[in-house]
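Student: My structure file target14.cif, mmCIF, C-alpha atoms, is below:
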data_start
#
loop_
_atom_site.label_atom_id
_atom_site.label_comp_id
_atom_site.auth_asym_id
_atom_site.auth_seq_id
_atom_site.Cartn_x
_atom_site.Cartn_y
_atom_site.Cartn_z
CA MET A 29 15.20 10.41 -12.38
CA THR A 30 13.14 8.86 -9.57
CA ARG A 31 11.90 5.36 -10.38
CA THR A 32 8.81 4.33 -8.44
CA LEU A 33 6.88 1.07 -8.20
CA ILE A 34 3.28 1.11 -6.96
CA THR A 35 1.64 -2.24 -6.27
CA GLY A 36 -2.05 -2.59 -7.07
CA ALA A 37 -1.88 0.56 -9.18
CA ASN A 38 -4.38 -0.10 -11.95
CA LYS A 39 -7.26 1.56 -10.06
CA GLY A 40 -8.26 3.53 -6.98
CA LEU A 41 -5.64 5.02 -4.70
CA GLY A 42 -2.80 3.28 -6.52
CA ARG A 43 -3.78 4.72 -9.86
CA GLU A 44 -4.27 8.23 -8.46
CA THR A 45 -0.91 8.03 -6.68
CA ALA A 46 0.70 7.00 -9.98
CA ARG A 47 -0.91 9.93 -11.77
CA ARG A 48 0.30 12.41 -9.18
CA LEU A 49 3.84 11.06 -9.03
CA ILE A 50 4.15 11.07 -12.81
CA ALA A 51 3.12 14.72 -12.73
CA ALA A 52 5.86 15.26 -10.12
CA GLY A 53 8.46 13.81 -12.50
CA HIS A 54 8.70 10.20 -11.37
CA THR A 55 9.03 7.29 -13.75
CA VAL A 56 6.25 5.08 -12.41
CA TYR A 57 5.78 1.34 -12.72
CA VAL A 58 2.16 0.27 -12.43
CA GLY A 59 2.19 -3.11 -10.71
CA ALA A 60 -0.98 -5.14 -11.26
CA ARG A 61 -2.11 -8.76 -11.22
CA ASP A 62 -4.41 -8.33 -14.23
CA PRO A 63 -2.26 -7.75 -17.34
CA GLU A 64 -5.05 -6.20 -19.39
CA ARG A 65 -6.10 -3.71 -16.73
CA GLY A 66 -2.52 -2.98 -15.77
CA ARG A 67 -1.40 -2.25 -19.33
CA ARG A 68 -4.47 -0.10 -19.97
CA ALA A 69 -3.87 1.96 -16.83
CA ALA A 70 -0.18 2.38 -17.63
CA GLU A 71 -0.94 3.53 -21.18
CA GLU A 72 -3.56 6.01 -20.00
CA LEU A 73 -1.28 7.42 -17.32
CA GLY A 74 1.99 7.46 -19.25
CA ALA A 75 3.49 4.90 -16.88
CA ARG A 76 5.21 1.56 -17.36
CA PHE A 77 3.42 -1.70 -16.63
CA VAL A 78 4.97 -4.58 -14.73
CA PRO A 79 3.01 -7.77 -14.00
CA LEU A 80 2.98 -8.18 -10.23
CA ASP A 81 1.07 -10.41 -7.87
CA VAL A 82 2.35 -9.69 -4.36
CA THR A 83 1.17 -13.10 -3.14
CA ASP A 84 3.41 -14.96 -5.60
CA ASP A 85 7.20 -15.29 -5.15
CA ALA A 86 7.86 -15.92 -8.84
CA SER A 87 5.81 -12.92 -9.92
CA VAL A 88 7.66 -10.61 -7.53
CA ALA A 89 11.05 -12.01 -8.58
CA ALA A 90 10.21 -11.42 -12.24
CA ALA A 91 9.21 -7.82 -11.49
CA VAL A 92 12.54 -7.27 -9.73
CA LYS A 93 14.43 -8.49 -12.80
CA THR A 94 12.41 -6.24 -15.11
CA ILE A 95 12.88 -3.11 -13.04
CA GLU A 96 16.55 -3.84 -12.34
CA ALA A 97 17.20 -4.20 -16.07
CA GLU A 98 15.58 -0.83 -16.70
CA GLY A 99 17.65 1.10 -14.18
CA GLY A 100 16.66 0.15 -10.64
CA LEU A 101 14.21 1.44 -8.03
CA ASP A 102 14.08 4.45 -5.71
CA VAL A 103 10.54 4.37 -4.28
CA LEU A 104 8.32 1.41 -3.39
CA VAL A 105 4.66 2.04 -2.56
CA ASN A 106 3.06 -1.05 -1.03
CA ASN A 107 -0.51 -0.24 -1.96
CA ALA A 108 -2.04 -3.59 -2.99
CA GLY A 109 -4.63 -4.68 -0.46
CA ILE A 110 -7.89 -6.55 -0.02
CA GLU A 111 -10.83 -6.28 2.36
CA PRO A 112 -13.35 -9.12 2.58
CA ARG A 113 -16.96 -8.08 2.07
CA HIS A 114 -20.18 -9.85 1.19
CA PRO A 115 -21.37 -9.40 -2.43
CA ASP A 116 -23.81 -6.72 -1.30
CA GLY A 117 -21.01 -4.80 0.41
CA GLY A 118 -21.89 -5.94 3.91
CA PHE A 119 -19.24 -6.63 6.50
CA VAL A 120 -17.98 -10.13 7.26
CA LEU A 121 -18.67 -10.46 10.98
CA PRO A 122 -16.37 -12.17 13.51
CA ALA A 123 -18.77 -15.10 13.96
CA GLU A 124 -18.49 -15.82 10.22
CA THR A 125 -14.71 -15.48 10.03
CA THR A 126 -12.41 -18.50 9.90
CA ALA A 127 -8.65 -18.72 10.27
CA ASP A 128 -8.41 -19.31 6.52
CA ASP A 129 -10.33 -16.08 5.89
CA VAL A 130 -7.85 -14.11 7.98
CA ARG A 131 -4.91 -15.90 6.38
CA THR A 132 -6.13 -14.92 2.90
CA VAL A 133 -6.24 -11.23 3.85
CA PHE A 134 -2.83 -11.38 5.53
CA GLU A 135 -1.34 -13.02 2.42
CA THR A 136 -1.96 -9.82 0.46
CA ASN A 137 -1.95 -7.11 3.12
CA VAL A 138 0.93 -8.31 5.30
CA PHE A 139 2.96 -11.04 3.63
CA GLY A 140 2.67 -9.19 0.30
CA PRO A 141 4.55 -6.09 1.51
CA VAL A 142 7.13 -8.30 3.26
CA ARG A 143 7.64 -10.38 0.13
CA THR A 144 7.88 -7.31 -2.10
CA LEU A 145 10.14 -5.23 0.13
CA HIS A 146 12.44 -8.18 0.77
CA ALA A 147 12.79 -8.84 -2.96
CA PHE A 148 13.34 -5.19 -3.91
CA LEU A 149 15.62 -4.37 -0.97
CA PRO A 150 18.87 -4.83 -2.97
CA LEU A 151 17.63 -2.33 -5.57
CA LEU A 152 16.45 0.15 -2.96
CA LEU A 153 19.78 0.01 -1.15
CA ARG A 154 21.54 1.00 -4.38
CA SER A 155 19.42 4.14 -4.62
CA ASP A 156 20.75 7.47 -3.39
CA HIS A 157 17.41 8.29 -1.74
CA PRO A 158 15.36 5.13 -1.17
CA VAL A 159 11.79 5.46 0.08
CA VAL A 160 9.09 2.98 1.08
CA VAL A 161 5.43 3.83 1.72
CA ASN A 162 3.16 1.22 3.27
CA VAL A 163 -0.49 2.07 2.64
CA SER A 164 -2.16 1.40 5.96
CA SER A 165 -5.49 2.55 7.43
CA GLY A 166 -6.94 4.44 10.35
CA LEU A 167 -8.53 1.10 11.22
CA ALA A 168 -5.06 -0.05 12.29
CA HIS A 169 -5.28 2.23 15.33
CA THR A 170 -6.43 -0.01 18.19
CA PRO A 171 -7.46 2.82 20.59
CA ALA A 172 -9.87 4.20 17.98
CA LEU A 173 -11.57 0.86 17.36
CA ALA A 174 -11.84 0.30 21.12
CA ASP A 175 -13.33 3.75 21.82
CA PRO A 176 -17.15 3.87 21.49
CA SER A 177 -16.96 7.60 20.82
CA ALA A 178 -14.53 7.25 17.89
CA PHE A 179 -15.73 7.05 14.28
CA GLU A 180 -13.69 3.89 13.66
CA HIS A 181 -15.46 2.03 16.47
CA PHE A 182 -18.32 1.00 14.16
CA TYR A 183 -16.07 -1.27 12.08
CA PRO A 184 -16.83 -4.91 13.00
CA SER A 185 -14.67 -7.18 10.85
CA LEU A 186 -11.55 -9.00 12.05
CA ALA A 187 -9.18 -9.53 9.16
CA TYR A 188 -8.71 -6.10 7.57
CA PRO A 189 -7.91 -3.97 10.65
CA SER A 190 -5.74 -6.75 12.06
CA SER A 191 -3.74 -6.87 8.83
CA LYS A 192 -3.21 -3.11 8.81
CA ALA A 193 -2.13 -3.12 12.45
CA ALA A 194 0.44 -5.76 11.50
CA LEU A 195 1.57 -3.61 8.56
CA ASN A 196 2.14 -0.71 10.94
CA MET A 197 4.35 -2.88 13.12
CA LEU A 198 6.31 -3.96 10.05
CA THR A 199 6.81 -0.30 9.19
CA VAL A 200 8.31 0.43 12.61
CA GLN A 201 10.62 -2.58 12.54
CA TYR A 202 11.82 -2.00 8.98
CA ALA A 203 12.48 1.68 9.68
CA LYS A 204 14.60 0.74 12.69
CA SER A 205 16.59 -1.75 10.62
CA PHE A 206 17.29 0.35 7.52
CA ASP A 207 18.22 3.88 8.49
CA ARG A 208 19.11 4.84 4.90
CA ILE A 209 15.57 4.14 3.71
CA ARG A 210 12.70 6.48 4.57
CA ILE A 211 9.97 4.00 5.53
CA ASN A 212 6.55 5.28 6.61
CA ALA A 213 2.93 4.15 6.83
CA ALA A 214 0.14 6.19 5.25
CA ASP A 215 -3.49 6.39 6.35
CA PRO A 216 -5.39 7.68 3.30
CA GLY A 217 -8.62 8.03 5.28
CA PHE A 218 -12.08 6.68 4.44
CA THR A 219 -11.72 6.89 0.67
CA ALA A 220 -14.33 5.73 -1.83
CA THR A 221 -12.77 2.84 -3.77
CA ASP A 222 -13.68 -0.63 -4.99
CA LEU A 223 -12.16 -1.95 -1.75
CA ASN A 224 -15.08 -0.62 0.32
CA HIS A 225 -17.73 -0.71 -2.44
CA HIS A 226 -17.32 3.07 -2.79
CA THR A 227 -18.81 3.76 0.63
CA GLY A 228 -15.93 6.05 1.61
CA THR A 229 -16.47 9.74 2.22
CA GLN A 230 -13.29 11.01 0.53
CA THR A 231 -12.25 11.09 -3.11
CA VAL A 232 -9.17 9.24 -4.33
CA GLU A 233 -7.57 12.64 -4.92
CA GLN A 234 -7.95 13.43 -1.23
CA GLY A 235 -6.89 9.97 -0.10
CA ALA A 236 -3.76 9.87 -2.24
CA GLU A 237 -2.43 13.14 -0.77
CA VAL A 238 -0.56 11.53 2.13
CA ILE A 239 0.77 8.67 0.00
CA VAL A 240 2.22 11.10 -2.52
CA ARG A 241 3.68 13.27 0.23
CA LEU A 242 5.45 10.34 1.85
CA ALA A 243 6.65 9.01 -1.51
CA CYS A 244 8.40 12.32 -2.11
CA VAL A 245 10.25 12.72 1.19
CA GLY A 246 13.93 13.56 0.94
CA PRO A 247 16.88 11.79 2.58
CA ASP A 248 16.42 13.86 5.74
CA GLY A 249 12.66 13.36 5.80
CA PRO A 250 10.66 11.41 8.37
CA THR A 251 10.96 7.69 8.80
CA GLY A 252 9.18 5.21 11.04
CA THR A 253 6.02 7.35 11.19
CA PHE A 254 2.29 6.81 10.66
CA GLN A 255 0.71 9.76 8.85
CA ASN A 256 -2.56 10.94 7.36
CA GLY A 257 -3.43 14.06 5.41
CA ALA A 258 -3.20 16.21 8.52
CA GLY A 259 0.18 14.98 9.74
CA VAL A 260 1.71 12.41 12.09
CA LEU A 261 -0.60 9.99 13.90
CA PRO A 262 0.02 8.03 17.11
CA TRP A 263 0.72 4.36 16.58
#
Produce structure tokens that represent the structure in this file.
Tutor:
Amino acid sequence: MTRTLITGANKGLGRETARRLIAAGHTVYVGARDPERGRRAAEELGARFVPLDVTDDASVAAAVKTIEAEGGLDVLVNNAGIEPRHPDGGFVLPAETTADDVRTVFETNVFGPVRTLHAFLPLLLRSDHPVVVNVSSGLAHTPALADPSAFEHFYPSLAYPSSKAALNMLTVQYAKSFDRIRINAADPGFTATDLNHHTGTQTVEQGAEVIVRLACVGPDGPTGTFQNGAGVLPW
């Protein structure tokens, strides 16, 4: 039995990933900050709910104890993430962005995966086939944002792409350090979710494809890679 934890799994890509992995035979823990939404999603999916706020040490430690008591963990999907937008969905421009704004985004998108992986590392190392998937973004790819001819070039905000670029670097460094764990970053593409006010051009079914694929890699599968639905991407 493969036991999988997905952070931020009560909606969007996290929820769709949970649905697909349950169908593939995984026992899935839906991690969510909101207990009501998390329990509802878990019940609807046939998953297990675990309260989890990746910005809070005590919350993460409690989730570790719960999952350890129920048999351990094989797969961790670091999916929880935030992107600052104005209430109307408009971008927060660099001139409006403070250090505190960037810090808030990094707390979830960068420090959250570090906090969660560090806490669950003892459980993952007990697994026969441990896997970690960090949900990144094509906006992490600096050459694309710098290239006026690339689609990603339009994106103006500071905090979100910076956080995902940092998450990619974490993926590389963790993969180098833990050769028993398959650790990869996934770019789900421009997917319509609450995160981007549903402006994305892909469905969650399309976006979750690469996350599910990387969550199911075997012990001889890739590690230290950045992938989207079409395959391996350059860092």
Student: Would you compute the distance between atom CA of Thr94 of chain A and atom CA of Asn137 of chain A? Give it in Å to one decimal.
Tutor: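 Between atom CA of Thr94 of chain A and atom CA of Asn137 of chain A the gap works out to 23.2 Å.
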Student: I need the residue set behind the PyMOL selection byres ((chain A and resi 99-106) around 7) for this file; please write it as a list in words.
Tutor: Thr30, Arg31, Thr32, Leu33, Ile34, Thr35, Ile95, Glu96, Ala97, Glu98, Asn107, Ala108, Pro141, Leu151, Leu152, Ser155, His157, Pro158, Val159, Val160, Val161, Asn162, Val163 and Ala243 of chain A
Student: Work out how far atom CA of Phe119 of chain A is from atom CA of Ala178 of chain A, in Å to one decimal.
Tutor: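 Taking atom CA of Ala178 of chain A and atom CA of Phe119 of chain A, their separation equals 18.6 Å.
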Student: Of the candidates A:Thr221, A:Glu44, A:Pro176, A:Thr170, which one gets nearest to Gly117 of chain A if we count all atoms listed in the file?
Tutor: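 Of A:Thr221, A:Glu44, A:Pro176, A:Thr170, the one nearest Gly117 of chain A is A:Thr221, counting all atoms listed in the file.
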Student: Considering all atoms listed in the file, return as a PDB file with C-alpha atoms, keeping the file's coordinate frame whatever protein or nucleic-acid residues lie within 8 Å of Ile110 of chain A, sequence-local ones (same chain, fewer than 3 positions apart) excluded.
Tutor:
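In the end it all went to result02.pdb:
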ATOM      1  CA  VAL A 133      -6.240 -11.230   3.850  1.00  0.00           C
ATOM      2  CA  THR A 136      -1.960  -9.820   0.460  1.00  0.00           C
ATOM      3  CA  ASN A 137      -1.950  -7.110   3.120  1.00  0.00           C
ATOM      4  CA  TYR A 188      -8.710  -6.100   7.570  1.00  0.00           C
ATOM      5  CA  LEU A 223     -12.160  -1.950  -1.750  1.00  0.00           C
TER       6      LEU A 223
END
Student: Going by the chain IDs and residue numbers used in this file, which residues fall under the PyMOL selection byres ((chain A and resi 205-210) around 8)? Write them as an NGL selection string.
Tutor: :A and (152-153 or 157-160 or 201-204 or 211-212 or 245 or 247 or 249-252)
Student: Just say which residues the PyMOL selection byres ((chain A and resi 82) around 10) picks in this file, as a list in words.
Tutor: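 For this structure, the PyMOL selection byres ((chain A and resi 82) around 10) resolves to Thr35, Gly36, Gly59, Ala60, Arg61, Pro79, Leu80, Asp81, Thr83, Asp84, Asp85, Ala86, Ser87, Val88, Ala89, Asn106, Ala108, Gly109, Glu135, Thr136, Asn137, Val138, Phe139, Gly140, Pro141, Val142, Arg143 and Thr144 of chain A.
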Student: Would you work out the distance separating atom CA of Glu237 of chain A from atom CA of His146 of chain A, expressed in Å to one decimal?
Tutor: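 It comes out at 26.0 Å.
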Student: A:Leu167, A:Ala90, A:Val130, A:Glu180: which is nearest Phe148 of chain A, counting only C-alpha atoms?
Tutor: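 Using only C-alpha atoms, the shortest distance to Phe148 of chain A belongs to A:Ala90.
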Student: Using only C-alpha atoms, which of the listed residues (A:Ala258, A:Val56, A:Val238, A:Ala75) sits closest to Ser164 of chain A?
Tutor: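 Nearest to Ser164 of chain A: A:Val238.
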Student: Go through A:Arg47, A:Ala214, A:Arg65, A:Val240 and flag the residue nearest Val260 of chain A, using only C-alpha atoms for the distances.
Tutor: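 For Val260 of chain A, the nearest of the candidates is A:Ala214.
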Student: Nearest to Asn38 of chain A: which of A:His54, A:Arg131, A:Glu71, A:Leu173 is it, counting all atoms listed in the file?
Tutor: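 Among the listed residues, the smallest separation from Asn38 of chain A belongs to A:Glu71.
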Student: Restricting the calculation to all atoms listed in the file, which member of A:Val92, A:Leu195, A:Ala187, A:Ala168 is positioned closest to Leu149 of chain A?
Tutor: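 Among the listed residues, the smallest separation from Leu149 of chain A belongs to A:Val92.
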Student: Select all residues near (-3.1, 9.4, -16.6) (cut-off 10 Å, inclusive, file coordinates), counting only C-alpha atoms, and output them as a list in words.
Tutor: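 Result, sorted by chain then residue number: Arg43, Glu44, Ala46, Arg47, Arg48, Ile50, Ala51, Ala69, Ala70, Glu71, Glu72, Leu73, Gly74 and Ala75 of chain A.
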